[in-house]
Structure formats: structure tokens, C-alpha cells
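J.: Input structure: model.cif, which contains mmCIF, C-alpha atoms.
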```cif
data_data
#
loop_
_atom_site.label_atom_id
_atom_site.label_comp_id
_atom_site.auth_asym_id
_atom_site.auth_seq_id
_atom_site.Cartn_x
_atom_site.Cartn_y
_atom_site.Cartn_z
CA MET V 20 89.69 46.43 72.87
CA SER V 21 93.42 46.28 73.44
CA LEU V 22 94.85 46.04 76.94
CA THR V 23 97.30 48.80 75.99
CA THR V 24 94.50 51.29 76.75
CA THR V 25 93.38 53.93 74.31
CA GLU V 26 95.49 57.08 74.21
CA PRO V 27 93.85 60.47 73.93
CA ALA V 28 93.43 61.35 70.32
CA ALA V 29 96.13 63.80 69.33
CA ALA V 30 99.00 62.69 71.49
CA SER V 31 98.49 58.99 70.89
CA GLU V 32 98.48 59.41 67.13
CA GLY V 33 101.30 61.96 67.07
CA ARG V 34 99.13 64.60 65.45
CA PRO V 35 99.96 68.30 66.05
CA ASP V 36 96.54 69.11 67.44
CA GLY V 37 95.30 68.41 70.94
CA PRO V 38 91.86 68.81 72.52
CA GLY V 39 89.94 71.69 71.11
CA GLY V 40 92.43 72.08 68.29
CA ALA V 41 95.16 73.36 70.63
CA ALA V 42 98.69 72.73 69.44
CA VAL V 43 100.55 69.86 71.11
CA SER V 44 104.13 70.70 72.02
CA PRO V 45 107.03 68.62 70.68
CA ALA V 46 107.69 67.52 74.27
CA ASP V 47 104.16 66.09 74.47
CA VAL V 48 104.66 64.23 71.19
CA GLU V 49 107.88 62.74 72.55
CA ARG V 50 106.18 61.76 75.82
CA ALA V 51 103.36 60.09 73.88
CA ALA V 52 105.86 58.05 71.86
CA ALA V 53 107.67 56.94 75.03
CA LEU V 54 104.34 56.00 76.58
CA ARG V 55 103.42 53.86 73.56
CA ARG V 56 106.77 52.05 73.73
CA MET V 57 106.35 51.19 77.42
CA ARG V 58 102.78 50.02 76.83
CA LEU V 59 104.05 47.77 74.07
CA VAL V 60 106.65 46.27 76.42
CA ALA V 61 104.03 45.62 79.12
CA LEU V 62 101.63 44.11 76.57
CA SER V 63 104.39 41.98 75.10
CA LEU V 64 105.09 40.45 78.52
CA LEU V 65 101.39 39.68 78.93
CA VAL V 66 101.22 38.04 75.51
CA LEU V 67 104.39 36.07 76.24
CA ALA V 68 102.90 34.83 79.52
CA ALA V 69 99.71 33.78 77.70
CA ILE V 70 101.67 31.86 75.05
CA VAL V 71 103.75 30.10 77.68
CA PHE V 72 100.58 29.25 79.63
CA VAL V 73 98.96 27.70 76.56
CA LEU V 74 102.05 25.73 75.60
CA THR V 75 102.57 24.30 79.08
CA ARG V 76 99.02 23.27 79.95
CA ASP V 77 98.54 19.85 81.53
CA ARG V 78 102.26 19.42 81.98
CA GLU V 79 103.84 18.07 85.12
CA GLY V 80 107.20 18.49 86.73
CA PHE V 81 109.27 21.50 85.76
CA TRP V 82 106.77 22.62 83.16
CA GLY V 83 104.09 22.66 85.80
CA PHE V 84 106.04 25.36 87.62
CA VAL V 85 106.38 27.28 84.36
CA ASN V 86 102.66 26.97 83.68
CA ALA V 87 101.75 28.17 87.17
CA GLY V 88 104.13 31.10 86.85
CA ALA V 89 102.71 32.06 83.45
CA GLU V 90 99.16 31.86 84.77
CA ALA V 91 99.99 34.08 87.74
CA SER V 92 101.86 36.48 85.45
CA MET V 93 98.73 36.93 83.35
CA VAL V 94 96.66 37.57 86.46
CA GLY V 95 99.15 40.11 87.78
CA ALA V 96 99.52 41.84 84.40
CA ILE V 97 95.77 42.14 83.84
CA ALA V 98 95.13 43.29 87.42
CA ASP V 99 97.78 46.00 87.22
CA TRP V 100 96.60 47.02 83.73
CA PHE V 101 93.14 47.50 85.22
CA ALA V 102 94.51 49.54 88.13
CA VAL V 103 96.61 51.81 85.90
CA THR V 104 93.90 52.29 83.31
CA ALA V 105 91.26 53.01 85.97
CA LEU V 106 93.13 56.16 86.92
CA PHE V 107 92.58 57.76 83.52
CA ARG V 108 89.51 56.15 81.93
CA HIS V 109 86.99 53.29 82.11
CA PRO V 110 88.78 50.00 81.29
CA LEU V 111 87.47 48.61 77.99
CA GLY V 112 84.99 51.50 78.01
CA LEU V 113 82.87 49.83 80.69
CA PRO V 114 81.41 52.22 83.32
CA ILE V 115 82.79 50.21 86.22
CA PRO V 116 82.46 51.99 89.59
CA HIS V 117 85.55 53.74 90.95
CA THR V 118 87.27 53.93 87.58
CA ALA V 119 88.24 57.00 85.48
CA LEU V 120 89.25 58.59 88.75
CA ILE V 121 91.17 61.58 87.34
CA PRO V 122 88.44 62.77 84.94
CA ARG V 123 85.82 62.47 87.66
CA ARG V 124 87.84 63.92 90.54
CA LYS V 125 90.26 66.29 88.81
CA ASP V 126 89.04 69.26 90.85
CA ASP V 127 89.74 67.41 94.10
CA LEU V 128 93.13 66.46 92.71
CA GLY V 129 93.89 70.10 91.91
CA ARG V 130 92.92 71.27 95.39
CA GLY V 131 94.94 68.48 96.98
CA LEU V 132 97.97 69.34 94.87
CA GLN V 133 97.58 73.00 95.79
CA ASP V 134 97.45 72.15 99.50
CA PHE V 135 100.45 69.83 99.15
CA VAL V 136 102.60 72.49 97.49
CA GLY V 137 101.57 75.14 100.00
CA GLU V 138 102.10 72.96 103.05
CA ASN V 139 105.39 71.35 102.00
CA PHE V 140 107.20 73.81 99.74
CA LEU V 141 106.02 77.30 100.71
CA GLN V 142 106.79 77.18 104.42
CA GLU V 143 109.10 79.81 105.89
CA ASP V 144 111.58 77.37 107.44
CA VAL V 145 111.86 75.42 104.19
CA ILE V 146 112.42 78.58 102.15
CA ARG V 147 115.03 80.00 104.53
CA GLU V 148 116.89 76.69 104.73
CA ARG V 149 116.98 76.35 100.95
CA LEU V 150 118.12 79.92 100.39
CA ALA V 151 120.76 79.63 103.11
CA SER V 152 122.22 76.56 101.40
CA ALA V 153 122.13 78.39 98.07
CA GLU V 154 124.52 81.12 99.38
CA VAL V 155 122.96 83.78 97.18
CA GLY V 156 125.35 86.54 98.27
CA ARG V 157 128.47 84.53 97.49
CA ARG V 158 127.14 83.40 94.12
CA VAL V 159 126.11 86.91 93.14
CA GLY V 160 129.52 88.25 94.13
CA THR V 161 131.34 85.56 92.16
CA TRP V 162 129.14 86.10 89.12
CA LEU V 163 129.48 89.89 89.19
CA ALA V 164 133.25 89.64 89.64
CA ASP V 165 133.45 88.69 85.98
CA PRO V 166 133.75 92.02 84.06
CA ALA V 167 131.59 90.65 81.25
CA HIS V 168 128.79 89.84 83.68
CA ALA V 169 129.05 93.24 85.37
CA ARG V 170 128.87 94.90 81.96
CA THR V 171 125.82 92.80 81.10
CA VAL V 172 124.03 93.91 84.27
CA VAL V 173 124.79 97.55 83.55
CA ASP V 174 123.74 97.25 79.90
CA GLU V 175 120.44 95.56 80.78
CA ALA V 176 119.67 97.99 83.60
CA SER V 177 120.50 100.95 81.35
CA GLU V 178 118.28 99.67 78.57
CA VAL V 179 115.36 99.05 80.92
CA ALA V 180 115.81 102.47 82.53
CA ALA V 181 115.94 104.19 79.12
CA ILE V 182 112.75 102.41 78.02
CA ALA V 183 111.03 103.36 81.29
CA LEU V 184 112.07 107.01 80.91
CA GLY V 185 110.77 107.03 77.36
CA LYS V 186 107.36 105.77 78.52
CA VAL V 187 106.82 108.79 80.79
CA ARG V 188 105.16 111.53 78.74
CA ASP V 189 104.52 115.20 79.38
CA GLU V 190 100.86 114.56 80.16
CA HIS V 191 101.92 112.11 82.86
CA ILE V 192 104.04 114.80 84.53
CA THR V 193 101.22 117.33 84.16
CA SER V 194 98.77 114.91 85.76
CA LEU V 195 101.21 114.12 88.56
CA VAL V 196 101.79 117.79 89.37
CA ASN V 197 98.13 118.85 89.06
CA ASP V 198 96.45 115.85 90.65
CA ALA V 199 98.97 114.75 93.27
CA LEU V 200 101.70 117.23 94.10
CA VAL V 201 99.93 120.61 93.95
CA PRO V 202 96.90 119.54 96.06
CA ARG V 203 99.23 117.96 98.59
CA PHE V 204 101.46 121.03 98.79
CA ARG V 205 98.40 123.26 99.08
CA GLU V 206 97.03 121.27 102.03
CA GLU V 207 100.35 120.97 103.84
CA PRO V 208 101.41 124.12 105.77
CA ILE V 209 104.86 125.07 104.57
CA SER V 210 105.81 127.71 107.17
CA PRO V 211 106.31 125.25 110.11
CA LEU V 212 108.41 123.06 107.82
CA LEU V 213 110.56 125.99 106.73
CA GLY V 214 110.82 127.26 110.29
CA GLY V 215 111.89 123.88 111.64
CA LEU V 216 114.37 123.37 108.80
CA LEU V 217 115.89 126.82 109.31
CA GLY V 218 116.07 126.23 113.06
CA GLU V 219 117.94 122.96 112.53
CA VAL V 220 120.31 124.67 110.11
CA LEU V 221 121.10 127.37 112.67
CA SER V 222 121.41 124.86 115.50
CA ASP V 223 123.94 122.77 113.57
CA ARG V 224 125.73 125.89 112.22
CA VAL V 225 125.28 124.55 108.71
CA HIS V 226 124.78 128.07 107.35
CA VAL V 227 128.25 129.21 108.41
CA GLY V 228 129.92 127.62 105.40
CA LEU V 229 127.40 129.25 103.07
CA VAL V 230 127.94 132.65 104.71
CA ASP V 231 131.72 132.24 104.41
CA LEU V 232 131.38 131.38 100.73
CA ALA V 233 129.10 134.37 100.07
CA LEU V 234 131.41 136.78 101.91
CA GLY V 235 134.45 135.48 100.06
CA GLU V 236 132.78 135.86 96.68
CA LEU V 237 131.45 139.32 97.59
CA HIS V 238 134.88 140.49 98.73
CA ASP V 239 136.56 139.25 95.56
CA TRP V 240 133.92 140.85 93.37
CA LEU V 241 134.19 144.22 95.15
CA ALA V 242 137.98 144.15 94.92
CA GLU V 243 138.00 143.23 91.23
CA ASN V 244 135.22 145.56 90.04
CA PRO V 245 135.89 149.07 91.42
CA GLU V 246 134.60 150.70 88.24
CA THR V 247 131.21 148.99 88.56
CA VAL V 248 130.98 149.99 92.23
CA SER V 249 131.94 153.58 91.39
CA GLU V 250 129.33 153.68 88.62
CA VAL V 251 126.57 152.42 90.92
CA LEU V 252 127.48 154.80 93.73
CA GLY V 253 127.99 157.70 91.28
CA GLU V 254 124.35 157.42 90.22
CA ARG V 255 123.38 158.25 93.81
CA ALA V 256 125.91 161.12 94.28
CA PRO V 257 124.47 164.68 94.61
CA TRP V 258 124.51 166.49 91.27
CA TRP V 259 125.59 169.71 92.78
CA ALA V 260 128.81 168.31 94.35
CA PRO V 261 132.06 168.75 92.38
CA THR V 262 133.08 165.68 90.40
CA SER V 263 136.45 165.46 92.08
CA VAL V 264 134.83 165.41 95.52
CA ASN V 265 132.38 162.69 94.45
CA GLU V 266 135.20 160.56 93.07
CA ARG V 267 137.22 160.83 96.28
CA VAL V 268 134.17 160.01 98.41
CA ILE V 269 133.17 157.07 96.20
CA GLY V 270 136.73 155.76 96.20
CA ARG V 271 136.84 155.97 99.98
CA ILE V 272 133.48 154.20 100.28
CA HIS V 273 134.69 151.42 98.01
CA VAL V 274 137.83 150.93 100.09
CA GLU V 275 135.82 150.82 103.32
CA MET V 276 133.31 148.38 101.80
CA VAL V 277 136.10 145.99 100.78
CA LYS V 278 137.72 146.32 104.20
CA TRP V 279 134.43 145.83 106.05
CA VAL V 280 133.52 142.70 104.08
CA ALA V 281 137.04 141.34 104.65
CA ASP V 282 136.67 141.94 108.41
CA ILE V 283 133.37 140.03 108.46
CA ARG V 284 134.88 137.24 106.37
CA ASP V 285 137.93 136.83 108.59
CA ASP V 286 136.25 137.25 111.99
CA PRO V 287 133.87 134.36 112.85
CA TYR V 288 132.58 136.39 115.82
CA HIS V 289 131.95 139.64 113.96
CA ARG V 290 128.91 141.65 115.05
CA ALA V 291 127.49 141.46 111.54
CA ARG V 292 127.54 137.68 111.67
CA TYR V 293 125.86 137.77 115.07
CA ALA V 294 123.20 140.13 113.71
CA LEU V 295 122.58 137.80 110.76
CA ASP V 296 122.21 134.83 113.12
CA GLN V 297 119.75 136.75 115.27
CA MET V 298 117.71 137.76 112.22
CA LEU V 299 117.57 134.18 110.92
CA ALA V 300 116.63 132.88 114.37
CA ARG V 301 113.72 135.34 114.56
CA LEU V 302 112.64 134.32 111.08
CA ALA V 303 112.71 130.63 112.05
CA ASP V 304 110.69 131.35 115.19
CA ASP V 305 108.11 133.43 113.29
CA LEU V 306 107.71 130.73 110.64
CA SER V 307 107.17 128.08 113.30
CA HIS V 308 104.10 129.90 114.71
CA ASP V 309 101.05 129.52 112.50
CA GLY V 310 99.44 132.78 113.50
CA SER V 311 102.42 135.07 112.89
CA ASP V 312 102.47 137.55 110.03
CA THR V 313 105.58 135.89 108.62
CA ALA V 314 103.86 132.48 108.52
CA VAL V 315 100.77 133.96 106.87
CA ARG V 316 102.91 135.68 104.23
CA ALA V 317 104.83 132.45 103.62
CA GLU V 318 101.59 130.51 103.07
CA ALA V 319 100.27 133.23 100.77
CA LEU V 320 103.49 133.13 98.77
CA LYS V 321 103.20 129.35 98.53
CA ASP V 322 99.63 129.62 97.19
CA ARG V 323 100.64 132.23 94.62
CA LEU V 324 103.48 130.04 93.42
CA LEU V 325 101.23 126.99 93.15
CA ASP V 326 98.60 128.99 91.23
CA HIS V 327 101.13 130.35 88.78
CA PRO V 328 100.92 128.64 85.37
CA ALA V 329 104.69 128.55 85.17
CA VAL V 330 104.73 125.79 87.82
CA ILE V 331 103.50 123.19 85.32
CA SER V 332 105.71 124.39 82.48
CA THR V 333 108.73 124.51 84.78
CA ALA V 334 108.09 121.00 86.04
CA ILE V 335 107.78 119.70 82.48
CA SER V 336 110.90 121.57 81.39
CA LEU V 337 112.90 120.20 84.30
CA TRP V 338 111.66 116.68 83.61
CA ASP V 339 112.45 116.96 79.88
CA ALA V 340 115.94 118.21 80.63
CA LEU V 341 116.54 115.44 83.16
CA ARG V 342 115.11 112.79 80.86
CA ARG V 343 117.21 113.90 77.88
CA ALA V 344 120.36 113.97 79.99
CA LEU V 345 119.72 110.55 81.51
CA THR V 346 118.57 108.94 78.27
CA GLY V 347 121.57 110.27 76.38
CA SER V 348 124.00 109.08 79.01
CA LEU V 349 122.30 105.70 79.32
CA ALA V 350 122.40 105.20 75.55
CA ASP V 351 126.13 105.96 75.41
CA PRO V 352 128.18 102.86 76.34
CA ASP V 353 130.91 105.18 77.60
CA GLY V 354 128.52 107.71 79.17
CA ALA V 355 128.96 109.00 82.70
CA VAL V 356 125.94 107.14 84.07
CA ARG V 357 127.01 103.78 82.67
CA ARG V 358 130.57 104.25 83.84
CA ARG V 359 129.35 105.11 87.32
CA LEU V 360 126.98 102.14 87.38
CA LEU V 361 129.74 99.80 86.26
CA THR V 362 132.06 101.14 88.93
CA GLU V 363 129.45 100.65 91.64
CA VAL V 364 128.61 97.12 90.45
CA GLU V 365 132.29 96.11 90.44
CA ARG V 366 132.78 97.68 93.86
CA PHE V 367 129.74 95.85 95.20
CA ALA V 368 131.04 92.54 93.80
CA ALA V 369 134.42 93.12 95.46
CA ARG V 370 132.74 93.84 98.80
CA LEU V 371 130.62 90.70 98.53
CA ASP V 372 133.79 88.68 97.99
CA ALA V 373 135.71 90.31 100.85
CA GLU V 374 133.04 90.91 103.51
CA PRO V 375 131.24 87.86 104.97
CA ALA V 376 128.97 90.19 106.98
CA LEU V 377 127.74 91.82 103.77
CA ARG V 378 127.07 88.44 102.18
CA GLU V 379 125.10 87.44 105.26
CA ARG V 380 123.03 90.63 105.07
CA VAL V 381 122.33 90.02 101.39
CA ASP V 382 121.26 86.43 102.12
CA THR V 383 119.00 87.65 104.91
CA LEU V 384 117.45 90.35 102.75
CA VAL V 385 116.80 87.88 99.92
CA ALA V 386 115.26 85.38 102.34
CA ASP V 387 113.11 88.07 103.97
CA ALA V 388 111.91 89.28 100.56
CA VAL V 389 111.03 85.77 99.38
CA VAL V 390 109.28 84.90 102.65
CA PHE V 391 107.31 88.15 102.49
CA GLY V 392 106.27 87.41 98.92
CA VAL V 393 105.28 83.86 99.77
CA LYS V 394 103.28 84.89 102.84
CA ARG V 395 101.52 87.65 100.95
CA TYR V 396 101.01 86.00 97.57
CA GLY V 397 101.70 82.29 98.16
CA ALA V 398 98.02 81.37 98.33
CA GLU V 399 97.32 83.23 95.09
CA ALA V 400 100.29 81.52 93.44
CA THR V 401 99.29 77.98 94.44
CA SER V 402 95.67 78.66 93.51
CA ILE V 403 96.87 78.74 89.90
CA ILE V 404 97.15 74.95 90.15
CA THR V 405 93.50 74.55 91.10
CA GLN V 406 92.27 77.17 88.66
CA THR V 407 94.21 75.66 85.77
CA ILE V 408 93.02 72.11 86.43
CA GLU V 409 89.43 73.30 86.89
CA ARG V 410 89.55 74.85 83.41
CA TRP V 411 90.48 71.52 81.87
CA ASP V 412 87.75 69.05 81.03
CA GLY V 413 88.11 65.56 82.45
CA ASP V 414 89.61 63.97 79.33
CA GLU V 415 92.14 66.78 78.91
CA ALA V 416 93.21 66.51 82.54
CA ALA V 417 93.66 62.74 82.17
CA ARG V 418 95.60 63.21 78.93
CA ARG V 419 97.96 65.80 80.38
CA ILE V 420 98.65 63.82 83.54
CA GLU V 421 99.03 60.52 81.70
CA LEU V 422 101.53 62.01 79.27
CA HIS V 423 103.75 63.02 82.20
CA VAL V 424 103.44 59.96 84.47
CA GLY V 425 101.95 57.24 82.27
CA ARG V 426 105.31 55.92 81.08
CA ASP V 427 106.45 55.31 84.64
CA LEU V 428 103.12 53.75 85.53
CA GLN V 429 103.70 51.07 82.88
CA PHE V 430 106.45 49.71 85.11
CA ILE V 431 103.67 48.76 87.52
CA ARG V 432 102.26 46.49 84.82
CA ILE V 433 105.70 45.10 84.04
CA ASN V 434 106.48 44.49 87.70
CA GLY V 435 103.04 42.96 88.22
CA THR V 436 103.71 40.50 85.41
CA ILE V 437 107.11 39.49 86.78
CA VAL V 438 106.18 39.45 90.46
CA GLY V 439 102.93 37.64 89.71
CA GLY V 440 104.85 34.91 87.89
CA LEU V 441 107.25 34.48 90.81
CA VAL V 442 104.39 34.32 93.29
CA GLY V 443 102.64 31.76 91.09
CA VAL V 444 105.74 29.57 91.12
CA VAL V 445 105.96 29.83 94.92
CA ILE V 446 102.28 28.98 95.36
CA HIS V 447 102.62 25.98 93.02
CA ALA V 448 105.62 24.78 95.01
CA LEU V 449 103.72 25.12 98.28
CA GLY V 450 100.81 23.22 96.78
CA ILE V 451 103.14 20.30 96.01
CA LEU V 452 105.00 20.39 99.33
CA VAL V 453 101.96 20.81 101.60
CA PRO V 454 99.58 17.76 101.58
#
```
Now that the file is in, can you turn its structure into C-alpha cells?

T.:
Amino acid sequence: MSLTTTEPAAASEGRPDGPGGAAVSPADVERAAALRRMRLVALSLLVLAAIVFVLTRDREGFWGFVNAGAEASMVGAIADWFAVTALFRHPLGLPIPHTALIPRRKDDLGRGLQDFVGENFLQEDVIRERLASAEVGRRVGTWLADPAHARTVVDEASEVAAIALGKVRDEHITSLVNDALVPRFREEPISPLLGGLLGEVLSDRVHVGLVDLALGELHDWLAENPETVSEVLGERAPWWAPTSVNERVIGRIHVEMVKWVADIRDDPYHRARYALDQMLARLADDLSHDGSDTAVRAEALKDRLLDHPAVISTAISLWDALRRALTGSLADPDGAVRRRLLTEVERFAARLDAEPALRERVDTLVADAVVFGVKRYGAEATSIITQTIERWDGDEAARRIELHVGRDLQFIRINGTIVGGLVGVVIHALGILVP
């Protein structure tokens, strides 16, 4: 057998099929060719040393040094060939102990590689140091500052969002409402929530603006629609009263109504406003007590609404309308959603460029997210190494590893040949100098 060692079938012969008929990648074919070239170089040095050794036998003087160097070169070359070959297979096919180490101990190798990656690359301090040196916030800001890049981000996000919206079907919404939302709403008392919300609204005087708006609209409507008011009030006028009297009374009522609403609108301390506040406060208090009649009626109303079949159809209709609006705007390059997204992305890029504190927060958030992911899923990620190597048989594991590192290992044989020759010359010299 040749001292070049036997390559695994497919890769060594350049065929497109690997173990089990699996396709060998072009990169593997190239690695196999490079490995063959380096083996040929190492073998050529061994052959050269053997030729020189034969030609210089029984020679004295200078040629004796050459012969000793050639002899030691052969010893070094063969020893290193044995060491390199023993990693991947039995040298010359002989079952010598402690050879073919990778095929026999590939599982241990996989576990050791998994532990090495986990202990040296997936540590929090290493990750944070690497991400800090990467300056993620600054790089993202610089990249997004290019309008073409910002447009690319918006286009990709819009396309993904449109696809995601299209995947949600009516039955999904129906299932969500029936199986998740309705049971949850039915179990959760709504009256304390409404009471607390109304109490907060009153406490913060949030309702004042709404009351002002309603009074303003009511005043304008009454002032601009006297005929409608007269018609409504005329339906309630006594039939026996003269028409002229009814018209004067209705006209006077309309004038007083407009004036009264205007007074309430313009006076923030009007008695009517105070009465409304008191009524809303009582309502909030009644809703906050579970046993009150108001709370019971609110819960009953909630149950009737949840039991009504229109709840499902309304939810689906709202979702369809929202989906159509969003999908249409996302599909339009000049749509409102895309324009808004592009504006926000450009604004965010400008802030990243101008605000070091924001860049620092972004870097911290990215580091925290990566560290969280590594702590939570790092073990599962590194276990892929062990699981993948365990699925290989011994020969396949040796083939894959040899294709990646075998070329560099041939330098051990080359160095062994050269260094062995030099050591042989030194030993020969010492043998002459020392009696």
C-alpha cells in the first residue's frame, strides 16, 4: 500500500457521490484535490530522501552527512505519516492499537467539541465584549442612513407583514374569539374594570373635553336645525291648542334650549356639569361594588353581548376590513403605511447617528437579547455538534474531518522529513566529534 494513505472513496476519486450515495459538494471536491496534491508533495520528499540514501551508502566525508540526513529524513517522514494516518484509519490496513482514532472515538470528539464551543465561545463576558467591539448601534445607523437601505428594510418588512396577514384566515379569528377571548371575557368581571376606569377618567378630568365637544356640537345642531326641533316638539303639542300658540311656545322653547346649552358650554362650573359629574361618580362607585344592582346589570349585559351571534361576525368583519386596508397599503409602494414606515426608519437612523445614548441602549439591548438566547438555548445549539457527529458512521466522520484539516496535516509529514534530516546530520556530526 502507498504511504499517501487511502482517501475515502468519493472524495478521493473526485466522484459526485459520497457515502451512502449523498452528493459531494464542489467545495469537498476541491478540498480533496488539494489534499491529494499535498500528499504527493510529502510522498515526493520521502522518495527523494530514499533515493539520496541509496546513492550515498558507504560514503565518507561530506556524503556521509548527506546519507545520515537522508536516513533520518526517511525515519521522520514515515513516523509522521504513521501519526497522521492513525488519526483517520489503520495504517496499511493493519489493526494496530490506538490507530483509527477518529472513527473509533468520534462520539467523544463530538462531545469534546461541544464542550469546547460552549465553554469558550458562548460565555456572557465573551459575547458582550464581542458585541461591544462590533458597535451594532453605530453600524445599523450608518447602514440605515442610506435611503436605498432604508427602502429595502421597509420593502422587506412590508412584504413579510403582507404574507403574514394573508396567512390568517377567518376560521383562525373565529377560533381565537370562541376559544380564547370569549371564555376569558366571560370569566373576568367587567364591572370593577369599568368602574375603576370611569373613576380614573373623572379623577383626571379627562371627560371634560368630551363633554365640551358634545355640548358644542349639540349647540350648533340646535341653532342650525330649528325646523327639525319644531317638528319634534310639535308632535308632542296638545291637539286642542291653536296652531299659532303652539308655534310661539315651540319657538320660545327652542330659543331657551339653545341658550341653556350655550350657558352649559361656556360655564365650566355650571350646575348641569356638576350634576353630570355626580351622576358619573355614582355610576363608577356602583360598578366598583360587585353586589350592586348596577354591577349585576353590567355583567348581565356583558353575557348577553358575548352570547350574541353577531360578536363572531363583527369580529371577522372588523378583521377583514383591517386586513384589506393594511394589505392594500402595504402592497402600494407609495401607500400610507409604507411612507410612514420609511419616515420612522429614516428618523430612527438619524437619531442613532446623533445620539450616543441611544446607540448605547441599542447595543445593550442587542447584547441582552443575545445573552438571553445563549443562556436559554445555547446548550441545545451546541448539542447539534454532538448529534450531527453521532449520526455519522466512523468512516464518514473521518472523511469529513480529513477533507477539512488533512491538507494542513500533510505539513507535519513535510516538516518531519526536513527536521528529521537536519537532526540526522547533527547526530552524525556528534558521532564524529565525540569519541

J.: Which residues are near V:Gly354? Cut-off 10 Å, all atoms listed in the file, ignore same chain within fewer than 6 positions. Put them as a PyMOL selection string.

T.: chain V and resi 345+347-348

J.: Check what the PyMOL selection byres ((chain V and resi 181) around 10) selects in the file above and give those residues as a list of chain:residue names.

T.: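 That expression, the PyMOL selection byres ((chain V and resi 181) around 10), corresponds here to V:Glu175, V:Ala176, V:Ser177, V:Glu178, V:Val179, V:Ala180, V:Ile182, V:Ala183, V:Leu184, V:Gly185, V:Lys186, V:Arg342, V:Arg343, V:Leu345, V:Thr346, V:Gly347, V:Ser348, V:Leu349, V:Ala350.
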
J.: Would you kindly return, as a PyMOL selection string, each protein, DNA or RNA residue with an atom no farther than 12 Å from any atom of V:Pro202, considering all atoms listed in the file and excluding same-chain residues fewer than 4 positions away?

T.: chain V and resi 194-198+206-208+321-322+325-326

J.: Find the distance between atom CA of V:Ala89 and atom CA of V:Ile433 and write it in Å to one decimal.

T.: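 For atom CA of V:Ala89 relative to atom CA of V:Ile433, the distance reads 13.4 Å.
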
J.: Once you count all atoms listed in the file, which residues end up no further than 12 Å from (139.3, 142.0, 96.8) in the file's frame, shown as a PyMOL selection string?

T.: chain V and resi 234-245+273-282+284

J.: Evaluate the PyMOL selection byres ((chain V and resi 440) around 9) here and jot the selected residues down as an mmCIF file with C-alpha atoms, in the frame of the given file.

T.:
```cif
data_model
loop_
_atom_site.group_PDB
_atom_site.id
_atom_site.type_symbol
_atom_site.label_atom_id
_atom_site.label_comp_id
_atom_site.auth_asym_id
_atom_site.auth_seq_id
_atom_site.Cartn_x
_atom_site.Cartn_y
_atom_site.Cartn_z
ATOM 1 C CA ALA V 68 102.900 34.830 79.520
ATOM 2 C CA VAL V 85 106.380 27.280 84.360
ATOM 3 C CA ALA V 87 101.750 28.170 87.170
ATOM 4 C CA GLY V 88 104.130 31.100 86.850
ATOM 5 C CA ALA V 89 102.710 32.060 83.450
ATOM 6 C CA GLU V 90 99.160 31.860 84.770
ATOM 7 C CA ALA V 91 99.990 34.080 87.740
ATOM 8 C CA SER V 92 101.860 36.480 85.450
ATOM 9 C CA MET V 93 98.730 36.930 83.350
ATOM 10 C CA VAL V 94 96.660 37.570 86.460
ATOM 11 C CA GLY V 95 99.150 40.110 87.780
ATOM 12 C CA GLY V 435 103.040 42.960 88.220
ATOM 13 C CA THR V 436 103.710 40.500 85.410
ATOM 14 C CA ILE V 437 107.110 39.490 86.780
ATOM 15 C CA VAL V 438 106.180 39.450 90.460
ATOM 16 C CA GLY V 439 102.930 37.640 89.710
ATOM 17 C CA LEU V 441 107.250 34.480 90.810
ATOM 18 C CA VAL V 442 104.390 34.320 93.290
ATOM 19 C CA GLY V 443 102.640 31.760 91.090
ATOM 20 C CA VAL V 444 105.740 29.570 91.120
ATOM 21 C CA VAL V 445 105.960 29.830 94.920
#
```

J.: Mind running stretch 172-229 of chain V against stretch 362-365 of chain V at 12 Å and telling me each contacting residue's nearest atom pair with the distance in Å (one decimal), counting all atoms listed in the file, chain and number ascending, as a Markdown table?

T.:
```
| residue | atom | partner | partner_atom | distance |
| --- | --- | --- | --- | --- |
| V:Val172 | CA | V:Val364 | CA | 8.3 |
| V:Val173 | CA | V:Val364 | CA | 7.9 |
| V:Asp174 | CA | V:Val364 | CA | 11.6 |
| V:Ala176 | CA | V:Val364 | CA | 11.3 |
```

J.: Pull C-alpha atoms from the residues just selected and write them as a PDB file, in the frame of the given file.

T.:
```pdb
ATOM      1  CA  VAL V 172     124.030  93.910  84.270  1.00  0.00           C
ATOM      2  CA  VAL V 173     124.790  97.550  83.550  1.00  0.00           C
ATOM      3  CA  ASP V 174     123.740  97.250  79.900  1.00  0.00           C
ATOM      4  CA  ALA V 176     119.670  97.990  83.600  1.00  0.00           C
TER       5      ALA V 176
END
```

J.: Please indicate the distance in Å from atom CA of V:Glu318 to atom CA of V:Leu229, rounded to one decimal place.

T.: 25.8 Å

J.: Using all atoms listed in the file, can you tell me which of V:Val330, V:Ala169, V:Val315, V:Leu67 comes closest to V:Val201?

T.: V:Val330

J.: What's the 7 Å shell around V:His109, counting only C-alpha atoms, without same-chain residues fewer than 6 positions away, as a CSV table (one decimal) with C-alpha atoms, keeping the file's coordinate frame?

T.:
```csv
chain,number,residue,atom,x,y,z
V,115,ILE,CA,82.8,50.2,86.2
V,118,THR,CA,87.3,53.9,87.6
V,119,ALA,CA,88.2,57.0,85.5
```

J.: Considering all atoms listed in the file, return as a ChimeraX atom specification whatever protein or nucleic-acid residues lie within 6 Å of stretch 412-417 of chain V, sequence-local ones (same chain, fewer than 6 positions apart) excluded.

T.: /V:107,121-122

J.: For V:Gln297, which residue out of V:Ala344, V:Leu221, V:Leu232, V:Val60 is the nearest one, using only C-alpha atoms?

T.: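 For V:Gln297, the nearest of the candidates is V:Leu221.
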
J.: May I ask which of the residues V:Gln133, V:Thr407, V:Asn434, V:Ser222 is the closest one to V:Ala303, counting all atoms listed in the file?

T.: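 For V:Ala303, the nearest of the candidates is V:Ser222.
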